[in-house]
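Printed here is coords37.cif (mmCIF, C-alpha atoms and all ligand atoms):
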data_my_file
loop_
_atom_site.label_atom_id
_atom_site.label_comp_id
_atom_site.auth_asym_id
_atom_site.auth_seq_id
_atom_site.Cartn_x
_atom_site.Cartn_y
_atom_site.Cartn_z
CA MET A 775 125.54 -105.28 -109.44
CA ALA A 776 127.46 -102.00 -109.54
CA ASN A 777 128.42 -102.52 -113.20
CA ILE A 778 124.84 -102.67 -114.49
CA SER A 779 123.94 -99.93 -116.94
CA LEU A 780 120.56 -99.63 -118.65
CA LYS A 781 121.34 -96.36 -120.48
CA GLY A 782 119.56 -96.19 -123.81
CA ARG A 783 117.51 -99.34 -123.18
CA ASP A 784 113.78 -99.64 -123.85
CA PHE A 785 111.51 -100.90 -121.06
CA LEU A 786 108.88 -102.91 -122.93
CA LYS A 787 108.46 -106.10 -120.90
CA LEU A 788 110.27 -107.84 -118.04
CA LEU A 789 111.17 -110.75 -120.34
CA ASP A 790 113.80 -108.42 -121.88
CA PHE A 791 115.63 -108.00 -118.54
CA THR A 792 117.81 -110.25 -116.40
CA PRO A 793 116.98 -110.80 -112.72
CA ASP A 794 120.01 -108.64 -111.83
CA GLU A 795 118.76 -105.80 -114.02
CA ILE A 796 115.29 -105.98 -112.45
CA ALA A 797 116.83 -106.03 -108.97
CA TYR A 798 118.93 -103.01 -109.98
CA LEU A 799 115.78 -101.07 -110.94
CA ILE A 800 114.06 -101.98 -107.65
CA ASP A 801 117.18 -100.96 -105.68
CA LEU A 802 117.39 -97.70 -107.58
CA ALA A 803 113.69 -97.04 -106.90
CA ALA A 804 114.24 -97.62 -103.17
CA GLU A 805 117.18 -95.21 -103.22
CA LEU A 806 115.20 -92.54 -105.10
CA LYS A 807 112.26 -93.02 -102.73
CA GLN A 808 114.55 -92.41 -99.76
CA LYS A 809 115.94 -89.28 -101.40
CA LYS A 810 112.46 -87.95 -102.11
CA LYS A 811 111.35 -88.58 -98.50
CA ALA A 812 114.50 -86.91 -97.15
CA GLY A 813 114.04 -83.92 -99.45
CA ILE A 814 117.34 -84.60 -101.22
CA PRO A 815 117.19 -83.19 -104.77
CA HIS A 816 117.82 -85.72 -107.53
CA ALA A 817 117.34 -83.76 -110.75
CA ILE A 818 119.72 -86.02 -112.65
CA CYS A 819 117.89 -85.73 -115.98
CA GLN A 820 118.00 -81.95 -116.30
CA GLY A 821 117.69 -80.74 -119.86
CA LYS A 822 115.89 -83.93 -120.99
CA ASN A 823 112.33 -84.07 -122.31
CA VAL A 824 109.91 -86.98 -122.28
CA ALA A 825 106.67 -87.61 -124.19
CA LEU A 826 103.82 -89.55 -122.60
CA ILE A 827 101.39 -91.17 -125.03
CA PHE A 828 98.17 -92.45 -123.48
CA GLU A 829 95.71 -94.18 -125.80
CA LYS A 830 93.90 -95.45 -122.68
CA THR A 831 93.05 -93.50 -119.54
CA SER A 832 95.23 -93.49 -116.41
CA THR A 833 95.62 -91.97 -112.97
CA ARG A 834 98.65 -93.69 -111.39
CA THR A 835 100.83 -94.26 -114.44
CA ARG A 836 100.39 -90.81 -115.92
CA CYS A 837 100.90 -89.02 -112.61
CA SER A 838 103.90 -91.23 -111.81
CA PHE A 839 105.61 -90.39 -115.10
CA GLU A 840 104.81 -86.68 -114.75
CA VAL A 841 105.90 -86.29 -111.11
CA ALA A 842 108.94 -88.53 -111.57
CA ALA A 843 110.06 -86.64 -114.68
CA ARG A 844 109.74 -83.31 -112.86
CA ASP A 845 111.64 -84.63 -109.83
CA LEU A 846 114.39 -85.73 -112.23
CA GLY A 847 114.43 -82.27 -113.79
CA ALA A 848 112.99 -83.39 -117.15
CA GLY A 849 110.28 -81.65 -119.18
CA VAL A 850 107.04 -83.53 -119.88
CA THR A 851 104.55 -83.47 -122.76
CA TYR A 852 101.32 -85.47 -122.36
CA LEU A 853 99.49 -86.74 -125.43
CA ASP A 854 95.97 -87.80 -124.50
CA PRO A 855 93.84 -90.50 -126.18
CA SER A 856 92.36 -88.04 -128.69
CA GLY A 857 94.71 -85.07 -128.89
CA SER A 858 97.26 -86.29 -131.43
CA GLN A 859 97.49 -87.76 -134.93
CA ILE A 860 98.66 -91.17 -133.63
CA GLY A 861 97.02 -94.13 -135.28
CA ARG A 862 94.39 -92.11 -137.14
CA LYS A 863 96.47 -89.87 -139.41
CA GLU A 864 100.00 -91.04 -138.62
CA SER A 865 101.44 -94.51 -138.21
CA ILE A 866 103.31 -95.59 -135.11
CA ALA A 867 106.54 -95.87 -137.13
CA ASP A 868 106.23 -92.25 -138.32
CA THR A 869 105.21 -91.03 -134.86
CA ALA A 870 108.25 -92.78 -133.39
CA ARG A 871 110.61 -90.95 -135.72
CA VAL A 872 108.95 -87.57 -135.16
CA LEU A 873 108.82 -87.81 -131.36
CA GLY A 874 112.22 -89.50 -131.30
CA SER A 875 113.74 -86.40 -132.90
CA MET A 876 112.34 -84.08 -130.23
CA PHE A 877 112.27 -86.11 -127.03
CA ASP A 878 114.80 -88.12 -125.02
CA GLY A 879 112.31 -90.81 -123.98
CA ILE A 880 108.76 -91.88 -124.89
CA GLU A 881 106.15 -93.61 -122.73
CA TYR A 882 103.32 -95.48 -124.42
CA ARG A 883 100.08 -96.85 -122.95
CA GLY A 884 97.70 -98.52 -125.32
CA PHE A 885 96.51 -101.71 -126.88
CA GLY A 886 98.65 -104.43 -128.48
CA GLN A 887 102.20 -105.08 -127.29
CA GLU A 888 103.27 -104.98 -130.95
CA ILE A 889 102.46 -101.25 -131.01
CA VAL A 890 104.92 -100.37 -128.24
CA GLU A 891 107.46 -102.75 -129.79
CA THR A 892 107.09 -100.94 -133.14
CA LEU A 893 107.42 -97.59 -131.45
CA ALA A 894 110.66 -98.78 -129.85
CA LYS A 895 111.94 -100.18 -133.13
CA TYR A 896 111.59 -96.83 -134.93
CA ALA A 897 112.32 -94.39 -132.11
CA PRO A 898 116.02 -93.66 -131.56
CA VAL A 899 115.36 -93.01 -127.83
CA PRO A 900 114.22 -95.26 -124.92
CA VAL A 901 110.55 -96.30 -125.06
CA TRP A 902 108.73 -97.30 -121.87
CA ASN A 903 105.63 -99.49 -121.73
CA GLY A 904 102.97 -97.82 -119.58
CA LEU A 905 100.56 -100.78 -120.11
CA THR A 906 99.49 -102.83 -123.09
CA ASP A 907 96.90 -105.58 -123.31
CA GLU A 908 99.69 -108.13 -122.80
CA PHE A 909 102.05 -106.54 -120.28
CA HIS A 910 102.26 -103.90 -117.53
CA PRO A 911 105.94 -104.08 -116.53
CA THR A 912 106.25 -100.84 -114.53
CA GLN A 913 103.41 -102.08 -112.31
CA ILE A 914 105.39 -105.19 -111.40
CA LEU A 915 108.37 -103.14 -110.29
CA ALA A 916 106.08 -101.27 -107.89
CA ASP A 917 104.48 -104.50 -106.68
CA PHE A 918 107.88 -106.06 -106.02
CA LEU A 919 109.24 -102.97 -104.27
CA THR A 920 106.17 -103.14 -102.01
CA ILE A 921 106.66 -106.86 -101.27
CA ARG A 922 110.35 -106.28 -100.57
CA GLU A 923 109.65 -103.32 -98.29
CA HIS A 924 107.17 -105.42 -96.36
CA PHE A 925 108.91 -108.80 -96.14
CA GLY A 926 112.52 -107.81 -96.75
CA THR A 927 112.89 -110.30 -99.63
CA LEU A 928 111.29 -111.38 -102.89
CA ALA A 929 112.77 -114.82 -103.67
CA GLY A 930 110.83 -117.67 -102.10
CA LYS A 931 107.65 -115.66 -101.46
CA LYS A 932 104.39 -117.13 -102.74
CA LEU A 933 102.17 -114.80 -104.76
CA VAL A 934 98.71 -115.88 -105.85
CA TYR A 935 96.95 -113.97 -108.61
CA TYR A 936 93.14 -114.22 -108.68
CA GLY A 937 91.19 -113.34 -111.81
CA ASP A 938 91.67 -113.25 -115.55
CA ALA A 939 95.26 -114.50 -115.84
CA ARG A 940 95.28 -114.10 -119.65
CA PHE A 941 95.65 -110.33 -119.61
CA ASN A 942 98.40 -107.82 -118.75
CA MET A 943 98.50 -108.33 -114.97
CA GLY A 944 98.39 -112.13 -114.93
CA ASN A 945 101.03 -112.31 -117.66
CA SER A 946 103.35 -109.74 -116.12
CA LEU A 947 103.15 -111.11 -112.59
CA MET A 948 103.94 -114.59 -113.88
CA VAL A 949 107.00 -113.26 -115.76
CA GLY A 950 108.11 -111.13 -112.80
CA CYS A 951 107.79 -114.00 -110.34
CA ALA A 952 109.69 -116.34 -112.68
CA LYS A 953 112.51 -113.80 -113.06
CA MET A 954 112.80 -112.97 -109.37
CA GLY A 955 112.40 -116.45 -107.89
CA LEU A 956 108.91 -116.18 -106.41
CA HIS A 957 106.33 -118.96 -106.32
CA PHE A 958 103.55 -117.84 -108.66
CA VAL A 959 100.08 -119.34 -108.74
CA ALA A 960 97.32 -118.19 -111.09
CA CYS A 961 93.97 -118.96 -109.54
CA SER A 962 91.28 -118.82 -112.19
CA PRO A 963 89.00 -121.02 -114.29
CA ALA A 964 91.21 -123.29 -116.44
CA GLU A 965 90.39 -121.39 -119.63
CA TYR A 966 91.59 -118.08 -118.13
CA LYS A 967 95.25 -119.14 -117.96
CA PRO A 968 98.06 -117.26 -119.74
CA SER A 969 99.01 -118.58 -123.19
CA ALA A 970 100.83 -121.92 -123.39
CA ASP A 971 103.82 -120.16 -125.00
CA LEU A 972 104.22 -117.67 -122.20
CA ILE A 973 103.79 -120.39 -119.56
CA ALA A 974 106.53 -122.46 -121.25
CA THR A 975 108.85 -119.42 -121.38
CA CYS A 976 108.24 -118.67 -117.70
CA GLU A 977 108.72 -122.29 -116.66
CA LYS A 978 112.09 -122.28 -118.39
CA ILE A 979 113.12 -119.08 -116.57
CA ALA A 980 111.78 -120.47 -113.29
CA GLY A 981 114.04 -123.49 -113.73
CA GLU A 982 117.01 -121.14 -113.57
CA THR A 983 115.86 -118.87 -110.74
CA GLY A 984 114.22 -121.27 -108.27
CA ALA A 985 110.77 -119.86 -108.99
CA THR A 986 107.75 -122.09 -109.51
CA ILE A 987 104.72 -121.55 -111.73
CA GLY A 988 101.43 -123.12 -110.74
CA PHE A 989 97.74 -123.10 -111.63
CA GLU A 990 94.85 -123.79 -109.32
CA THR A 991 91.12 -123.60 -109.87
CA ASP A 992 90.18 -123.85 -106.17
CA PRO A 993 90.42 -120.38 -104.57
CA ILE A 994 90.93 -121.65 -101.02
CA LYS A 995 93.54 -124.27 -101.93
CA ALA A 996 95.44 -121.66 -103.97
CA ALA A 997 95.73 -119.31 -100.99
CA GLN A 998 97.39 -121.86 -98.72
CA GLY A 999 100.90 -120.74 -97.79
CA ALA A 1000 100.52 -117.49 -99.76
CA ASP A 1001 102.46 -114.40 -98.71
CA ALA A 1002 100.74 -112.10 -101.18
CA ILE A 1003 97.22 -112.27 -102.60
CA TYR A 1004 96.79 -110.22 -105.76
CA THR A 1005 93.81 -109.37 -107.93
CA ASP A 1006 92.83 -107.01 -110.75
CA VAL A 1007 89.61 -105.86 -112.39
CA TRP A 1008 87.66 -108.57 -114.20
CA VAL A 1009 87.17 -106.45 -117.31
CA SER A 1010 90.16 -104.48 -118.54
CA MET A 1011 90.40 -101.21 -120.44
CA GLY A 1012 89.65 -101.66 -124.12
CA GLU A 1013 87.49 -104.74 -123.65
CA PRO A 1014 83.90 -104.53 -124.90
CA VAL A 1015 81.21 -103.96 -122.30
CA GLU A 1016 79.53 -107.22 -123.43
CA VAL A 1017 82.21 -109.33 -121.69
CA TRP A 1018 80.97 -108.30 -118.23
CA ASP A 1019 78.31 -111.05 -118.20
CA GLU A 1020 80.73 -113.86 -119.00
CA ARG A 1021 83.44 -112.48 -116.68
CA VAL A 1022 81.25 -112.00 -113.62
CA LYS A 1023 79.83 -115.47 -114.06
CA ALA A 1024 83.25 -117.08 -114.46
CA LEU A 1025 85.16 -115.06 -111.87
CA ALA A 1026 82.62 -114.62 -109.06
CA PRO A 1027 84.07 -117.67 -107.23
CA TYR A 1028 87.51 -116.01 -107.47
CA GLN A 1029 86.68 -112.82 -105.62
CA VAL A 1030 89.29 -112.02 -102.97
CA ASN A 1031 87.31 -112.02 -99.73
CA ALA A 1032 87.88 -112.74 -96.03
CA SER A 1033 87.81 -116.54 -96.62
CA VAL A 1034 90.62 -116.30 -99.18
CA MET A 1035 92.71 -114.10 -96.88
CA ALA A 1036 92.06 -116.44 -93.95
CA ALA A 1037 93.35 -119.38 -96.00
CA ALA A 1038 96.63 -117.54 -96.77
CA LYS A 1039 99.52 -117.13 -94.31
CA LYS A 1040 98.65 -115.19 -91.16
CA ASP A 1041 100.83 -112.26 -92.23
CA ALA A 1042 99.77 -112.33 -95.91
CA ILE A 1043 99.31 -109.03 -97.68
CA PHE A 1044 96.73 -107.97 -100.25
CA LEU A 1045 97.82 -106.19 -103.44
CA HIS A 1046 95.89 -104.73 -106.39
CA CYS A 1047 97.24 -102.62 -109.26
CA LEU A 1048 94.13 -100.38 -108.97
CA PRO A 1049 91.66 -98.99 -109.82
CA ALA A 1050 89.49 -101.52 -107.93
CA TYR A 1051 85.77 -102.22 -107.81
CA HIS A 1052 85.65 -102.86 -104.05
CA ASP A 1053 82.45 -100.90 -103.44
CA LYS A 1054 79.73 -98.98 -105.26
CA ASN A 1055 81.43 -95.58 -105.03
CA THR A 1056 82.22 -95.30 -108.74
CA ALA A 1057 79.87 -94.96 -111.70
CA ILE A 1058 80.87 -98.28 -113.29
CA GLY A 1059 81.21 -100.06 -109.96
CA ARG A 1060 77.69 -99.06 -108.98
CA GLU A 1061 76.22 -99.87 -112.38
CA MET A 1062 77.81 -103.33 -112.52
CA CYS A 1063 77.20 -104.18 -108.86
CA ASP A 1064 73.52 -103.29 -109.27
CA ARG A 1065 73.27 -105.19 -112.56
CA PHE A 1066 74.81 -108.34 -111.08
CA HIS A 1067 73.32 -107.95 -107.57
CA ARG A 1068 76.69 -107.70 -105.86
CA GLU A 1069 78.28 -105.44 -103.25
CA ALA A 1070 81.71 -105.53 -104.92
CA MET A 1071 83.53 -107.21 -107.81
CA GLU A 1072 87.06 -108.64 -107.62
CA VAL A 1073 87.70 -107.79 -103.94
CA THR A 1074 85.43 -107.13 -101.00
CA ASP A 1075 85.55 -103.76 -99.32
CA GLU A 1076 86.46 -105.58 -96.11
CA VAL A 1077 89.71 -106.95 -97.57
CA PHE A 1078 90.48 -103.76 -99.51
CA GLU A 1079 90.25 -101.65 -96.34
CA SER A 1080 91.92 -104.20 -94.04
CA PRO A 1081 95.38 -103.76 -92.45
CA ALA A 1082 96.66 -106.51 -94.80
CA SER A 1083 95.93 -104.29 -97.79
CA LEU A 1084 99.03 -102.44 -99.01
CA VAL A 1085 97.37 -101.05 -102.14
CA PHE A 1086 98.15 -97.39 -101.45
CA GLN A 1087 101.81 -98.04 -100.60
CA GLU A 1088 101.87 -100.04 -103.84
CA ALA A 1089 100.30 -97.11 -105.74
CA GLU A 1090 102.86 -94.66 -104.32
CA ASN A 1091 105.62 -97.04 -105.37
CA ARG A 1092 104.50 -96.65 -108.99
CA MET A 1093 106.10 -93.20 -108.94
CA HIS A 1094 109.39 -94.28 -107.38
CA THR A 1095 109.80 -97.28 -109.69
CA ILE A 1096 108.84 -95.36 -112.84
CA LYS A 1097 111.36 -92.73 -111.79
CA ALA A 1098 113.98 -95.47 -111.55
CA VAL A 1099 113.15 -96.69 -115.07
CA MET A 1100 113.55 -93.19 -116.51
CA ALA A 1101 116.67 -92.39 -114.46
CA ALA A 1102 118.32 -95.66 -115.49
CA THR A 1103 117.54 -95.52 -119.20
CA LEU A 1104 117.77 -91.79 -120.02
N1 LIG B 1 97.67 -99.37 -111.98
C1 LIG B 1 97.58 -98.51 -113.00
O1 LIG B 1 98.23 -98.66 -114.04
O2 LIG B 1 96.74 -97.49 -112.78
P1 LIG B 1 96.29 -96.38 -113.83
O3 LIG B 1 95.44 -97.07 -114.86
O4 LIG B 1 95.54 -95.36 -113.04
O5 LIG B 1 97.53 -95.81 -114.48
N1 LIG B 2 94.02 -105.17 -116.37
C1 LIG B 2 93.82 -103.75 -116.10
C2 LIG B 2 95.01 -103.16 -115.43
C3 LIG B 2 94.85 -101.72 -115.04
C4 LIG B 2 96.06 -101.16 -114.37
C5 LIG B 2 93.52 -103.05 -117.41
O1 LIG B 2 94.22 -103.31 -118.40
O2 LIG B 2 92.57 -102.27 -117.46
#
Mind turning the file's structure into structure tokens?
Amino acid sequence: MANISLKGRDFLKLLDFTPDEIAYLIDLAAELKQKKKAGIPHAICQGKNVALIFEKTSTRTRCSFEVAARDLGAGVTYLDPSGSQIGRKESIADTARVLGSMFDGIEYRGFGQEIVETLAKYAPVPVWNGLTDEFHPTQILADFLTIREHFGTLAGKKLVYYGDARFNMGNSLMVGCAKMGLHFVACSPAEYKPSADLIATCEKIAGETGATIGFETDPIKAAQGADAIYTDVWVSMGEPVEVWDERVKALAPYQVNASVMAAAKKDAIFLHCLPAYHDKNTAIGREMCDRFHREAMEVTDEVFESPASLVFQEAENRMHTIKAVMAATL
């Protein structure tokens, strides 16, 4: 693995990377995490500058890019959802060429995957996907670092994703599991599966890596033998508020609760990309819980706060893995 180099590469989706390259990024993240904990300086990107474009809001991803860039010695410019010309007065192709002439790397969080792909096509510097509707690849690196830290391995572990498997998290976890030899199960209503094209692509990859891809509509059956239980919000950023009714109705049986965790392996862990509606302590969480007469949405507070829940270790790992992506590609 020592001869892997990702210098100059974009990081748009895991489908663009080999299992060895993904393992290299996770290894590098672990190494950078150790350095950070030991107080060993690692400003290996001194003199570089990165631009962070966020067309959707963020806590983890933005802070991870900012802290990681500073630790690497790079300068950071943040462009918020309203504070630039992007999309309204200037096309993505023009923005790519402008920012590409000033910065050494560009992060983009926004809507369609085609936008970040266009940005990468026109920018002469690495472009990193900080979340699109279709994919959230830096999140998967953090999830896999967390699984590896906990179990010591990735290949052969069973990960079950509960919720809307058609969106960024379901898609990206399926791709990541296929690439890294995990057993992936999407547990959702049949019509909430990833696209047939993406399933076919992942099944082909799985055939080469020893991974398996499965679908299950019964939440208790799906959990059997699971090492990791994963869920995400039922309504994602950018979706209209009207979808809440349909989503809550369809996904209520797929809430991760104590029964689901009890059906998984004894030492199973709980993961969530966050933010999570596990209680009523947020404005939207309270509004939606009251509207639908619920105490929580996709995960109960009991599971979220249980010892099996590694969500904050997972959140911290966003920073170390994003740092690895920048360090490897800049
Ligand atoms: N998990 C994640 O991407 O979180 P943010 O939306 O806070 O960046
Ligand atoms: N599916 C969620 C993921 C957030 C990290 C969203 O897109 O809002």
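The two atoms in question, CA of His910 (chain A) and CA of Asp854 (chain A), are spaced 18.6 Å apart.
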Next on the checklist: What residues of the protein or nucleic acid chains come within 12 Å of ligand LIG 1 (chain B) when you use all atoms listed in the file? Reply as an MDAnalysis selection string.
Outcome noted: chainID A and resid 828:840 882:884 903:907 909:917 942:943 1005:1007 1010:1012 1045:1050 1085:1086 1088:1093 1096
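CA of Phe877 (chain A) is found 17.7 Å from CA of Ser865 (chain A).
For the pair CA of Val1077 (chain A) and CA of Gln998 (chain A), the interatomic distance is 16.8 Å.
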- Task: Using all atoms listed in the file, determine which residues lie at most 8 Å from Leu928 (chain A), disregarding the query and same-chain residues fewer than 3 positions distant; provide the list as an NGL selection string.
- Result: :A and (918 or 921-922 or 925 or 931 or 954-956)
So that all listed atoms of ligand LIG 2 (chain B) fit with 8 Å spare on each side, what axis-aligned box centre and edge lengths in Å, to one decimal, would you give as JSON?
{"center_x": 94.3, "center_y": -103.2, "center_z": -116.4, "size_x": 19.5, "size_y": 20.0, "size_z": 20.0}
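The smallest atom-to-atom distance between ligand LIG 2 (chain B) and any of A:Ile889, A:Ala939, A:Ile987, A:Ala817, using only C-alpha atoms and all ligand atoms, is found for A:Ala939.
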I want to know what sits within 12 Å of Glu1076 (chain A), based on all atoms listed in the file, with residues of the same chain fewer than 3 positions away left out; could you give that as a ChimeraX atom specification? /A:1029-1035,1044,1052-1053,1069-1070,1072-1073,1079-1083
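The neighbours of Tyr1028 (chain A) here are the residues that come within 7 Å of it, using all atoms listed in the file and leaving out any residue fewer than 4 positions away in the same chain; they are A:Tyr936, A:Gly937, A:Ser962, A:Pro993.
Here the question is which of A:Glu908, A:Glu1016, A:Glu982, A:Glu977 gets nearest to ligand LIG 2 (chain B) using all atoms listed in the file, and that residue is A:Glu908.
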From the list A:Tyr1051, A:Phe989, A:Phe785, A:Trp1008, the nearest residue to ligand LIG 2 (chain B) using only C-alpha atoms and all ligand atoms is A:Trp1008
